Each structure stands twice: as C-alpha cells, then as structure tokens.
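Shown below: final_37.cif, with mmCIF, C-alpha atoms.
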```cif
data_model
#
loop_
_atom_site.group_PDB
_atom_site.id
_atom_site.type_symbol
_atom_site.label_atom_id
_atom_site.label_comp_id
_atom_site.auth_asym_id
_atom_site.auth_seq_id
_atom_site.Cartn_x
_atom_site.Cartn_y
_atom_site.Cartn_z
ATOM 1 C CA MET A 1107 42.625 -18.160 48.283
ATOM 2 C CA VAL A 1108 39.667 -15.798 48.154
ATOM 3 C CA SER A 1109 38.910 -14.210 51.516
ATOM 4 C CA GLN A 1110 35.454 -14.370 53.097
ATOM 5 C CA GLU A 1111 34.986 -10.646 52.487
ATOM 6 C CA GLN A 1112 35.963 -10.978 48.827
ATOM 7 C CA ARG A 1113 33.609 -13.923 48.456
ATOM 8 C CA ARG A 1114 30.803 -11.958 50.128
ATOM 9 C CA LYS A 1115 31.284 -9.065 47.722
ATOM 10 C CA GLN A 1116 31.412 -11.450 44.759
ATOM 11 C CA LEU A 1117 28.141 -13.084 45.808
ATOM 12 C CA ALA A 1118 26.540 -9.670 46.264
ATOM 13 C CA ARG A 1119 27.604 -8.637 42.753
ATOM 14 C CA GLU A 1120 26.253 -11.867 41.293
ATOM 15 C CA LYS A 1121 22.964 -11.359 43.093
ATOM 16 C CA ARG A 1122 22.635 -7.809 41.726
ATOM 17 C CA ILE A 1123 23.262 -9.127 38.210
ATOM 18 C CA ARG A 1124 20.605 -11.826 38.644
ATOM 19 C CA GLN A 1125 18.124 -9.263 39.926
ATOM 20 C CA GLN A 1126 18.802 -6.971 36.980
ATOM 21 C CA GLN A 1127 18.273 -9.868 34.580
ATOM 22 C CA ARG A 1128 15.028 -10.802 36.302
ATOM 23 C CA ARG A 1129 13.768 -7.209 36.164
ATOM 24 C CA ALA A 1130 14.604 -6.988 32.466
ATOM 25 C CA ALA A 1131 12.755 -10.239 31.778
ATOM 26 C CA ALA A 1132 9.774 -9.031 33.813
ATOM 27 C CA GLN A 1133 9.668 -5.774 31.876
ATOM 28 C CA ARG A 1134 9.698 -7.676 28.587
ATOM 29 C CA ARG A 1135 6.799 -9.837 29.737
ATOM 30 C CA ALA A 1136 4.936 -6.775 30.940
ATOM 31 C CA ARG A 1137 5.215 -5.171 27.503
ATOM 32 C CA GLN A 1138 3.827 -8.328 25.927
ATOM 33 C CA ARG A 1139 0.834 -8.719 28.179
ATOM 34 C CA THR A 1140 -0.506 -6.791 31.131
ATOM 35 C CA ILE A 1141 -1.675 -9.045 33.882
ATOM 36 C CA LEU A 1142 -3.311 -7.831 37.022
ATOM 37 C CA ILE A 1143 -4.136 -9.935 39.982
ATOM 38 C CA GLY A 1144 -5.552 -7.617 42.593
ATOM 39 C CA ALA A 1145 -8.456 -7.325 44.968
ATOM 40 C CA ALA A 1146 -10.220 -4.786 47.126
ATOM 41 C CA LEU A 1147 -13.037 -5.889 49.401
ATOM 42 C CA GLY A 1148 -13.780 -8.911 47.305
ATOM 43 C CA LEU A 1149 -13.122 -7.279 43.899
ATOM 44 C CA LEU A 1150 -10.593 -9.312 41.945
ATOM 45 C CA LEU A 1151 -9.453 -8.736 38.384
ATOM 46 C CA VAL A 1152 -7.575 -11.500 36.650
ATOM 47 C CA VAL A 1153 -6.539 -10.243 33.219
ATOM 48 C CA ALA A 1154 -5.040 -12.018 30.204
ATOM 49 C CA GLY A 1155 -3.914 -15.287 31.603
ATOM 50 C CA GLY A 1156 -4.176 -15.123 35.363
ATOM 51 C CA LEU A 1157 -1.725 -17.162 37.384
ATOM 52 C CA TRP A 1158 -0.271 -18.975 34.380
ATOM 53 C CA VAL A 1159 1.850 -16.452 32.583
ATOM 54 C CA GLY A 1160 2.769 -14.165 35.455
ATOM 55 C CA GLY A 1161 3.578 -10.575 34.637
ATOM 56 C CA VAL A 1162 4.219 -7.772 37.093
ATOM 57 C CA PHE A 1163 2.385 -5.163 39.106
ATOM 58 C CA ASP A 1164 3.239 -1.528 38.528
ATOM 59 C CA GLY A 1165 5.588 -0.281 41.195
ATOM 60 C CA ASP A 1166 9.091 0.639 42.164
ATOM 61 C CA SER A 1167 11.636 -1.319 40.176
ATOM 62 C CA GLY A 1168 13.942 -1.787 43.145
ATOM 63 C CA GLY A 1169 13.932 -5.203 44.786
ATOM 64 C CA SER A 1170 14.251 -6.243 48.389
ATOM 65 C CA SER A 1171 17.673 -6.252 49.982
ATOM 66 C CA ALA A 1172 16.846 -9.341 52.056
ATOM 67 C CA GLU A 1173 19.532 -11.974 52.144
ATOM 68 C CA ASP A 1174 18.962 -15.231 50.319
ATOM 69 C CA PRO A 1175 17.902 -17.776 52.981
ATOM 70 C CA CYS A 1176 18.320 -20.800 50.725
ATOM 71 C CA GLY A 1177 21.184 -23.057 49.816
ATOM 72 C CA LYS A 1178 22.945 -23.968 46.606
ATOM 73 C CA PRO A 1179 21.008 -26.043 44.044
ATOM 74 C CA ALA A 1180 21.996 -29.668 43.587
ATOM 75 C CA ALA A 1181 24.070 -30.557 40.560
ATOM 76 C CA GLY A 1182 22.043 -31.285 37.468
ATOM 77 C CA LYS A 1183 19.985 -29.692 34.727
ATOM 78 C CA VAL A 1184 16.309 -29.423 33.846
ATOM 79 C CA LYS A 1185 15.136 -32.156 31.480
ATOM 80 C CA PRO A 1186 13.542 -30.696 28.321
ATOM 81 C CA LEU A 1187 10.541 -33.052 28.370
ATOM 82 C CA SER A 1188 7.322 -32.726 26.385
ATOM 83 C CA PHE A 1189 4.442 -35.156 25.936
ATOM 84 C CA THR A 1190 1.747 -35.348 23.282
ATOM 85 C CA LYS A 1191 -1.148 -36.186 25.579
ATOM 86 C CA GLU A 1192 -2.214 -36.477 29.196
ATOM 87 C CA PRO A 1193 -1.017 -39.735 30.765
ATOM 88 C CA ALA A 1194 -3.497 -42.563 31.227
ATOM 89 C CA LEU A 1195 -5.286 -42.431 34.569
ATOM 90 C CA THR A 1196 -3.593 -45.124 36.655
ATOM 91 C CA ILE A 1197 -3.773 -43.856 40.242
ATOM 92 C CA ASP A 1198 -5.981 -45.419 42.893
ATOM 93 C CA LYS A 1199 -8.529 -42.730 43.789
ATOM 94 C CA SER A 1200 -9.013 -44.267 47.222
ATOM 95 C CA ALA A 1201 -5.299 -44.225 48.087
ATOM 96 C CA ASP A 1202 -3.344 -41.520 49.905
ATOM 97 C CA TYR A 1203 -0.603 -39.842 47.887
ATOM 98 C CA THR A 1204 2.040 -37.381 49.017
ATOM 99 C CA MET A 1205 4.409 -35.230 47.025
ATOM 100 C CA GLU A 1206 7.760 -34.259 48.479
ATOM 101 C CA LEU A 1207 9.539 -31.235 47.051
ATOM 102 C CA ASP A 1208 13.169 -31.315 48.109
ATOM 103 C CA THR A 1209 14.139 -27.689 47.546
ATOM 104 C CA THR A 1210 17.170 -25.524 48.178
ATOM 105 C CA CYS A 1211 15.151 -23.879 50.965
ATOM 106 C CA GLY A 1212 14.024 -27.067 52.691
ATOM 107 C CA SER A 1213 11.611 -29.934 52.183
ATOM 108 C CA ILE A 1214 7.974 -29.153 51.359
ATOM 109 C CA GLY A 1215 5.579 -32.037 51.920
ATOM 110 C CA ILE A 1216 2.181 -31.976 50.206
ATOM 111 C CA ALA A 1217 -0.781 -34.265 50.876
ATOM 112 C CA LEU A 1218 -2.391 -34.854 47.469
ATOM 113 C CA GLU A 1219 -6.131 -35.227 46.952
ATOM 114 C CA ALA A 1220 -6.525 -38.104 44.514
ATOM 115 C CA LYS A 1221 -10.262 -38.522 45.031
ATOM 116 C CA ALA A 1222 -11.111 -34.845 44.478
ATOM 117 C CA ALA A 1223 -8.624 -34.154 41.667
ATOM 118 C CA PRO A 1224 -7.621 -37.527 40.189
ATOM 119 C CA HIS A 1225 -6.392 -36.317 36.795
ATOM 120 C CA THR A 1226 -4.258 -33.595 38.346
ATOM 121 C CA VAL A 1227 -2.709 -35.918 40.943
ATOM 122 C CA ASN A 1228 -2.168 -38.586 38.284
ATOM 123 C CA SER A 1229 -0.365 -36.056 36.090
ATOM 124 C CA PHE A 1230 1.902 -34.940 38.916
ATOM 125 C CA ARG A 1231 2.818 -38.522 39.753
ATOM 126 C CA PHE A 1232 3.621 -39.135 36.090
ATOM 127 C CA LEU A 1233 5.692 -35.957 35.661
ATOM 128 C CA ALA A 1234 7.549 -36.400 38.953
ATOM 129 C CA GLY A 1235 8.383 -39.966 37.950
ATOM 130 C CA LYS A 1236 9.922 -38.673 34.729
ATOM 131 C CA GLY A 1237 12.058 -36.128 36.617
ATOM 132 C CA TYR A 1238 10.175 -33.268 34.964
ATOM 133 C CA PHE A 1239 10.275 -30.995 38.036
ATOM 134 C CA ASP A 1240 13.859 -31.774 39.061
ATOM 135 C CA HIS A 1241 16.188 -28.750 39.047
ATOM 136 C CA THR A 1242 13.357 -26.355 38.125
ATOM 137 C CA ARG A 1243 13.186 -22.918 39.718
ATOM 138 C CA CYS A 1244 10.083 -21.574 41.459
ATOM 139 C CA HIS A 1245 9.899 -18.476 39.318
ATOM 140 C CA ARG A 1246 7.241 -16.282 40.883
ATOM 141 C CA LEU A 1247 6.302 -14.878 44.286
ATOM 142 C CA THR A 1248 3.307 -12.616 44.869
ATOM 143 C CA THR A 1249 2.530 -10.624 47.996
ATOM 144 C CA GLY A 1250 -0.437 -8.602 49.215
ATOM 145 C CA THR A 1251 -3.921 -9.877 48.426
ATOM 146 C CA VAL A 1252 -2.512 -12.803 46.450
ATOM 147 C CA ASN A 1253 0.179 -14.593 48.468
ATOM 148 C CA VAL A 1254 1.574 -17.487 46.486
ATOM 149 C CA LEU A 1255 4.794 -19.112 45.351
ATOM 150 C CA GLN A 1256 4.500 -20.418 41.789
ATOM 151 C CA CYS A 1257 6.523 -23.388 40.574
ATOM 152 C CA GLY A 1258 6.462 -26.181 38.018
ATOM 153 C CA ASP A 1259 7.784 -24.356 34.954
ATOM 154 C CA PRO A 1260 10.866 -26.017 33.430
ATOM 155 C CA ARG A 1261 11.546 -22.856 31.430
ATOM 156 C CA GLY A 1262 11.419 -20.614 34.482
ATOM 157 C CA ASP A 1263 9.720 -17.748 32.639
ATOM 158 C CA GLY A 1264 6.041 -18.520 33.235
ATOM 159 C CA GLU A 1265 5.514 -20.066 29.798
ATOM 160 C CA GLY A 1266 6.545 -23.703 30.276
ATOM 161 C CA ASP A 1267 4.180 -26.663 30.028
ATOM 162 C CA PRO A 1268 4.352 -30.459 29.624
ATOM 163 C CA GLY A 1269 2.837 -30.448 26.128
ATOM 164 C CA TYR A 1270 -0.686 -31.325 27.257
ATOM 165 C CA THR A 1271 -3.440 -29.652 29.260
ATOM 166 C CA LEU A 1272 -5.590 -30.786 32.174
ATOM 167 C CA ASP A 1273 -9.278 -30.221 32.808
ATOM 168 C CA ASP A 1274 -10.231 -28.119 35.829
ATOM 169 C CA GLU A 1275 -11.158 -30.215 38.868
ATOM 170 C CA ASN A 1276 -12.469 -29.727 42.394
ATOM 171 C CA LEU A 1277 -13.540 -26.090 41.856
ATOM 172 C CA LYS A 1278 -16.467 -26.533 44.259
ATOM 173 C CA ASP A 1279 -14.178 -27.455 47.144
ATOM 174 C CA LYS A 1280 -15.669 -26.096 50.370
ATOM 175 C CA ARG A 1281 -12.340 -24.500 51.280
ATOM 176 C CA LEU A 1282 -12.763 -22.004 48.454
ATOM 177 C CA ARG A 1283 -15.969 -20.433 49.738
ATOM 178 C CA GLY A 1284 -15.870 -16.671 49.918
ATOM 179 C CA GLY A 1285 -13.307 -16.331 47.141
ATOM 180 C CA VAL A 1286 -10.396 -17.318 49.377
ATOM 181 C CA TYR A 1287 -7.714 -19.941 48.868
ATOM 182 C CA PRO A 1288 -6.616 -20.637 52.456
ATOM 183 C CA ALA A 1289 -2.978 -20.795 53.490
ATOM 184 C CA GLY A 1290 -1.523 -24.218 52.772
ATOM 185 C CA THR A 1291 -3.565 -24.833 49.623
ATOM 186 C CA VAL A 1292 -1.763 -26.161 46.546
ATOM 187 C CA ALA A 1293 -3.546 -25.370 43.274
ATOM 188 C CA MET A 1294 -3.014 -25.383 39.531
ATOM 189 C CA ALA A 1295 -2.073 -22.311 37.540
ATOM 190 C CA ASN A 1296 -3.893 -21.962 34.226
ATOM 191 C CA LYS A 1297 -4.696 -19.618 31.335
ATOM 192 C CA TYR A 1298 -8.254 -18.806 32.345
ATOM 193 C CA ASN A 1299 -9.308 -15.232 31.573
ATOM 194 C CA ALA A 1300 -12.079 -14.116 33.919
ATOM 195 C CA GLN A 1301 -13.041 -11.173 31.697
ATOM 196 C CA THR A 1302 -13.683 -13.221 28.566
ATOM 197 C CA GLY A 1303 -14.594 -16.505 30.218
ATOM 198 C CA LYS A 1304 -12.110 -18.277 27.962
ATOM 199 C CA GLY A 1305 -9.239 -20.571 28.896
ATOM 200 C CA ARG A 1306 -10.952 -23.187 31.018
ATOM 201 C CA ASP A 1307 -9.295 -26.616 31.278
ATOM 202 C CA SER A 1308 -5.854 -25.211 30.515
ATOM 203 C CA GLY A 1309 -3.781 -26.493 33.423
ATOM 204 C CA GLY A 1310 -0.351 -27.908 32.644
ATOM 205 C CA SER A 1311 2.513 -28.389 35.075
ATOM 206 C CA GLN A 1312 2.620 -25.012 36.822
ATOM 207 C CA PHE A 1313 1.174 -24.847 40.321
ATOM 208 C CA PHE A 1314 1.113 -22.445 43.226
ATOM 209 C CA LEU A 1315 1.588 -22.853 46.964
ATOM 210 C CA VAL A 1316 -0.491 -20.485 49.108
ATOM 211 C CA TYR A 1317 1.589 -19.255 52.047
ATOM 212 C CA ARG A 1318 -1.062 -16.834 53.386
ATOM 213 C CA ASP A 1319 -4.832 -16.646 52.849
ATOM 214 C CA THR A 1320 -5.310 -15.407 49.287
ATOM 215 C CA GLN A 1321 -8.270 -13.740 47.586
ATOM 216 C CA LEU A 1322 -8.896 -15.530 44.305
ATOM 217 C CA PRO A 1323 -12.079 -16.783 42.635
ATOM 218 C CA PRO A 1324 -12.487 -20.594 42.531
ATOM 219 C CA ASP A 1325 -10.952 -20.933 39.075
ATOM 220 C CA TYR A 1326 -7.794 -22.883 39.931
ATOM 221 C CA THR A 1327 -7.874 -26.606 40.704
ATOM 222 C CA PRO A 1328 -6.993 -27.219 44.376
ATOM 223 C CA PHE A 1329 -5.283 -30.588 44.645
ATOM 224 C CA GLY A 1330 -3.159 -30.639 47.778
ATOM 225 C CA THR A 1331 -2.292 -29.262 51.212
ATOM 226 C CA VAL A 1332 1.159 -28.250 52.452
ATOM 227 C CA SER A 1333 2.467 -29.870 55.640
ATOM 228 C CA LYS A 1334 3.194 -27.798 58.756
ATOM 229 C CA SER A 1335 6.938 -28.118 58.242
ATOM 230 C CA GLY A 1336 6.479 -27.167 54.588
ATOM 231 C CA MET A 1337 4.624 -24.009 55.628
ATOM 232 C CA LYS A 1338 7.680 -22.952 57.640
ATOM 233 C CA VAL A 1339 9.769 -23.278 54.484
ATOM 234 C CA LEU A 1340 7.236 -21.203 52.519
ATOM 235 C CA LYS A 1341 7.284 -18.514 55.201
ATOM 236 C CA LYS A 1342 11.075 -18.317 54.960
ATOM 237 C CA ILE A 1343 10.826 -17.872 51.204
ATOM 238 C CA ALA A 1344 8.049 -15.288 51.463
ATOM 239 C CA ASP A 1345 9.887 -13.297 54.144
ATOM 240 C CA ALA A 1346 12.806 -12.816 51.729
ATOM 241 C CA GLY A 1347 10.450 -10.979 49.351
ATOM 242 C CA GLU A 1348 10.425 -10.650 45.574
ATOM 243 C CA ASP A 1349 12.650 -8.659 43.269
ATOM 244 C CA SER A 1350 10.238 -6.337 41.440
ATOM 245 C CA GLY A 1351 9.366 -4.172 44.422
ATOM 246 C CA GLY A 1352 5.746 -4.218 43.246
ATOM 247 C CA GLY A 1353 4.456 -7.358 44.890
ATOM 248 C CA ASP A 1354 4.816 -9.711 41.925
ATOM 249 C CA GLY A 1355 8.195 -10.920 40.719
ATOM 250 C CA ALA A 1356 10.892 -13.538 41.070
ATOM 251 C CA PRO A 1357 11.617 -14.631 44.657
ATOM 252 C CA ASN A 1358 14.714 -13.116 46.206
ATOM 253 C CA ALA A 1359 15.288 -16.557 47.667
ATOM 254 C CA THR A 1360 16.886 -19.053 45.281
ATOM 255 C CA VAL A 1361 14.034 -21.569 45.265
ATOM 256 C CA VAL A 1362 14.972 -24.602 43.189
ATOM 257 C CA ILE A 1363 13.246 -27.979 43.318
ATOM 258 C CA ASP A 1364 16.197 -30.365 43.466
ATOM 259 C CA LYS A 1365 13.911 -33.393 43.415
ATOM 260 C CA ALA A 1366 10.145 -33.986 43.314
ATOM 261 C CA THR A 1367 8.775 -37.345 44.411
ATOM 262 C CA VAL A 1368 5.201 -38.625 44.576
ATOM 263 C CA ARG A 1369 4.558 -41.648 46.803
ATOM 264 C CA THR A 1370 1.622 -43.666 48.011
ATOM 265 C CA SER A 1371 1.418 -43.103 51.756
#
```

The structure in this file should be written as structure tokens.
Amino acid sequence: MVSQEQRRKQLAREKRIRQQQRRAAAQRRARQRTILIGAALGLLLVVAGGLWVGGVFDGDSGGSSAEDPCGKPAAGKVKPLSFTKEPALTIDKSADYTMELDTTCGSIGIALEAKAAPHTVNSFRFLAGKGYFDHTRCHRLTTGTVNVLQCGDPRGDGEGDPGYTLDDENLKDKRLRGGVYPAGTVAMANKYNAQTGKGRDSGGSQFFLVYRDTQLPPDYTPFGTVSKSGMKVLKKIADAGEDSGGGDGAPNATVVIDKATVRTS
C-alpha cells in the first residue's frame, strides 16, 4: 500500500507536470496571438480577441505554489457537442431562472437575467440541458485589474464554442457604468476587438465570473449574478492563484464543472 508521504509526493509530481503542460500550451497560444487585457486609471487595451481566446501576460513563468483547494472531478467525459444554429427562443422572459454549477470546488449559484439577456439565458438553458458544460474545466483565471474566472469551453484551451454565436445583449446595464464589471457579475466572453471595432455579436458558450471589481469596457453581455455562497467558492479559487505567474493563466485550483443545471425558480 502506498504511504501518505509517497502519495503526497506523487500528487506533487503530477501537479508539476500539469503546470508544465499548461505553461507550454500558454506559450504556444501567446506565439499565435498576443492578447493584452490591462488597465491604468481607466485605460484598457483589449487586443485580438479579448476575453474569448485568452492568452497570457508577460511575466515570470513560475506558477504559484498554493495547494489545490478543490476536490476530484466526478467520473465522466466532456460531450463533443456542436449545433448548427442558436436554439429557438423558448424561455419566459418574465420568469426567474437560476443556474447551478456543481464544481469540484463547491456549488456556484447564479441568478440569471432572462428579461435583460433573453437569448443568452435561453442558450445557457439549452446547452445545460444537453449536458454541454458537464465535466468541462474552467480554463482561465486573471488577476490584477481584470479579476475573472473563465469557463464554458469544452475544449479547455480558450477556443471552444457550441457551433453558433449569440448577439450582444444588455450592454447598457447600469452596473457597468464607469467601465467596471462589479464583483459577482457573470458575463459572456466574445471575440470583440476594441482596436478594430470588429467581432461584435460573437458570444458562444464561454463566460466569465467576476470575483473582484474588474475594469472592462461594456463590451461583454452581463446575464447573471453569483450568489453569496458562490462568491465564497470563487474567492477560494482566486486565492489559489494561476499558473503563469503573470496574472493570466490556468487556475492552480482544479476547477471542473461536474454538472450545470438551469431551473425556473
């Protein structure tokens, strides 16, 4: 039988290997496209794809040594699903919908905003019902001026989508005044390029959860709010840091959505 010390060392080795693989993947993406999300006193540059494709900040390649605060993923595999068009709009815009993300780090409840972002909420209900998000890894954590956890990519590399795109919605939400997405906001990632003005209406399945007030222009559809208990889970994930050492990389925490469910509350 393997001793606890031997098991601890084995897990540490496996974690180092995963971090090395993540760094290598990040470096490959960085060579393909340079993406900056940064801000200084209200100045924000979002280059070549914004919060959709990811990328990395320049910085030390060493990752955080924080221990993984999350548990083991549930048994199962990601479903390789793709659809030819956006699902028909079938939600009741006057109803209250909630999305529950049962993750390896804890449950994250999200109050969805069907009236303000009906197509986005309708899409999430459709995809969750198909099991699209089940067993997917939240692949990106940013820290600093932009403080978000990004999820919803079945490929786990920042390039996955459901096969269709969604129009931008709710960009005039009062919460976004001053170029800030407040903590607790759930919004869509997309391919909008602020420099060229191209890439509107390019949302898919990837979304981000804001764990601390974040400076971003109102270019990303806000469609939900994280519950208080869910914010505690996000804080735990954020406190573990990311593996690039530069403020933009894969979470050190093993954040996997075991099951996503959308219900009428």

(request) Return the single residue from A:Asp1263, A:Lys1178, A:Ala1223, A:Ile1216 that is closest to A:Lys1199, with distances computed using only C-alpha atoms. (result)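 Of A:Asp1263, A:Lys1178, A:Ala1223, A:Ile1216, the one nearest A:Lys1199, counting only C-alpha atoms, is A:Ala1223.
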
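When you apply the PyMOL selection byres ((chain A and resi 1225) around 9) to this structure, what comes back is Glu1192, Pro1193, Ala1194, Leu1195, Ile1197, Ala1220, Ala1223, Pro1224, Thr1226, Val1227, Asn1228, Ser1229, Phe1230, Leu1272, Asp1273 and Glu1275 of chain A.
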
(request) List the neighbours of A:Gly1215 out to 9 Å using all atoms listed in the file; skip same-chain residues closer than 4 positions along the sequence, and give me the result as a ChimeraX atom specification. (result) /A:1204-1208,1331-1337

Could you turn the residues from that selection into a file that holds C-alpha atoms, as a tab-separated table (two decimals), keeping the file's coordinate frame?
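To be explicit, this is the file written out as part-v9.tsv:
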```
chain	number	residue	atom	x	y	z
A	1204	THR	CA	2.04	-37.38	49.02
A	1205	MET	CA	4.41	-35.23	47.02
A	1206	GLU	CA	7.76	-34.26	48.48
A	1207	LEU	CA	9.54	-31.24	47.05
A	1208	ASP	CA	13.17	-31.32	48.11
A	1331	THR	CA	-2.29	-29.26	51.21
A	1332	VAL	CA	1.16	-28.25	52.45
A	1333	SER	CA	2.47	-29.87	55.64
A	1334	LYS	CA	3.19	-27.80	58.76
A	1335	SER	CA	6.94	-28.12	58.24
A	1336	GLY	CA	6.48	-27.17	54.59
A	1337	MET	CA	4.62	-24.01	55.63
```

(request) Using atom CA of A:Asp1307 and atom CA of A:Thr1327 as the two end points, give the distance in Å to one decimal. (result) 9.5 Å

(message) With distances taken over all atoms listed in the file, which residue among A:Asp1325, A:Gly1235, A:Ala1222, A:Cys1211 lies nearest A:Asp1198?
(response)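 Looking at the shortest contact to A:Asp1198, the residue is A:Ala1222.
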
Name the residues within 8 Å of (17.9, -31.5, 38.4), counting all atoms listed in the file in the file's coordinates, and put them as a PDB file with C-alpha atoms, in the frame of the given file.
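Result file out-v5.pdb:
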```pdb
ATOM      1  CA  ALA A1180      21.996 -29.668  43.587  1.00  0.00           C
ATOM      2  CA  ALA A1181      24.070 -30.557  40.560  1.00  0.00           C
ATOM      3  CA  GLY A1182      22.043 -31.285  37.468  1.00  0.00           C
ATOM      4  CA  LYS A1183      19.985 -29.692  34.727  1.00  0.00           C
ATOM      5  CA  VAL A1184      16.309 -29.423  33.846  1.00  0.00           C
ATOM      6  CA  LYS A1185      15.136 -32.156  31.480  1.00  0.00           C
ATOM      7  CA  GLY A1237      12.058 -36.128  36.617  1.00  0.00           C
ATOM      8  CA  PHE A1239      10.275 -30.995  38.036  1.00  0.00           C
ATOM      9  CA  ASP A1240      13.859 -31.774  39.061  1.00  0.00           C
ATOM     10  CA  HIS A1241      16.188 -28.750  39.047  1.00  0.00           C
ATOM     11  CA  THR A1242      13.357 -26.355  38.125  1.00  0.00           C
ATOM     12  CA  ILE A1363      13.246 -27.979  43.318  1.00  0.00           C
ATOM     13  CA  ASP A1364      16.197 -30.365  43.466  1.00  0.00           C
ATOM     14  CA  LYS A1365      13.911 -33.393  43.415  1.00  0.00           C
TER      15      LYS A1365
END
```

(message) Report, in Å with one decimal, the straight-line distance from atom CA of A:Pro1175 to atom CA of A:Gly1290.
(response) 20.5 Å

Missing atoms in stretch 1334-1356 of chain A: fill them in up to N, CA and C atoms and send the result as a short mmCIF file (atom, residue, chain, number, x, y, z; two decimals), in the coordinates of the input.
```
data_model
loop_
_atom_site.label_atom_id
_atom_site.label_comp_id
_atom_site.auth_asym_id
_atom_site.auth_seq_id
_atom_site.Cartn_x
_atom_site.Cartn_y
_atom_site.Cartn_z
N LYS A 1334 2.80 -28.86 57.83
CA LYS A 1334 3.19 -27.80 58.76
C LYS A 1334 4.66 -27.42 58.58
N SER A 1335 5.51 -28.41 58.43
CA SER A 1335 6.94 -28.12 58.24
C SER A 1335 7.16 -27.43 56.90
N GLY A 1336 6.38 -27.82 55.89
CA GLY A 1336 6.48 -27.17 54.59
C GLY A 1336 6.05 -25.71 54.65
N MET A 1337 5.07 -25.40 55.49
CA MET A 1337 4.62 -24.01 55.63
C MET A 1337 5.73 -23.14 56.22
N LYS A 1338 6.55 -23.71 57.08
CA LYS A 1338 7.68 -22.95 57.64
C LYS A 1338 8.68 -22.61 56.54
N VAL A 1339 8.88 -23.54 55.61
CA VAL A 1339 9.77 -23.28 54.48
C VAL A 1339 9.19 -22.17 53.60
N LEU A 1340 7.88 -22.24 53.33
CA LEU A 1340 7.24 -21.20 52.52
C LEU A 1340 7.34 -19.83 53.17
N LYS A 1341 7.18 -19.79 54.50
CA LYS A 1341 7.28 -18.51 55.20
C LYS A 1341 8.68 -17.92 55.05
N LYS A 1342 9.69 -18.77 55.13
CA LYS A 1342 11.08 -18.32 54.96
C LYS A 1342 11.27 -17.71 53.57
N ILE A 1343 10.72 -18.37 52.58
CA ILE A 1343 10.83 -17.87 51.20
C ILE A 1343 10.08 -16.55 51.05
N ALA A 1344 8.86 -16.50 51.58
CA ALA A 1344 8.05 -15.29 51.46
C ALA A 1344 8.69 -14.11 52.19
N ASP A 1345 9.27 -14.37 53.35
CA ASP A 1345 9.89 -13.30 54.14
C ASP A 1345 11.06 -12.64 53.41
N ALA A 1346 11.69 -13.38 52.50
CA ALA A 1346 12.81 -12.82 51.73
C ALA A 1346 12.32 -11.87 50.64
N GLY A 1347 11.02 -11.92 50.31
CA GLY A 1347 10.45 -10.98 49.35
C GLY A 1347 10.70 -11.35 47.90
N GLU A 1348 10.25 -10.44 47.02
CA GLU A 1348 10.42 -10.65 45.57
C GLU A 1348 11.15 -9.45 44.98
N ASP A 1349 11.67 -9.63 43.77
CA ASP A 1349 12.65 -8.66 43.27
C ASP A 1349 12.08 -7.50 42.45
N SER A 1350 10.77 -7.44 42.24
CA SER A 1350 10.24 -6.34 41.44
C SER A 1350 9.96 -5.10 42.27
N GLY A 1351 9.75 -5.29 43.58
CA GLY A 1351 9.37 -4.17 44.42
C GLY A 1351 7.90 -3.82 44.31
N GLY A 1352 7.15 -4.53 43.45
CA GLY A 1352 5.75 -4.22 43.25
C GLY A 1352 4.80 -5.30 43.72
N GLY A 1353 5.32 -6.31 44.36
CA GLY A 1353 4.46 -7.36 44.89
C GLY A 1353 4.27 -8.55 43.98
N ASP A 1354 4.97 -8.60 42.85
CA ASP A 1354 4.82 -9.71 41.92
C ASP A 1354 6.08 -9.83 41.09
N GLY A 1355 6.94 -10.77 41.45
CA GLY A 1355 8.20 -10.92 40.72
C GLY A 1355 8.87 -12.23 41.08
N ALA A 1356 10.12 -12.35 40.73
CA ALA A 1356 10.89 -13.54 41.07
C ALA A 1356 11.26 -13.49 42.56
#
```
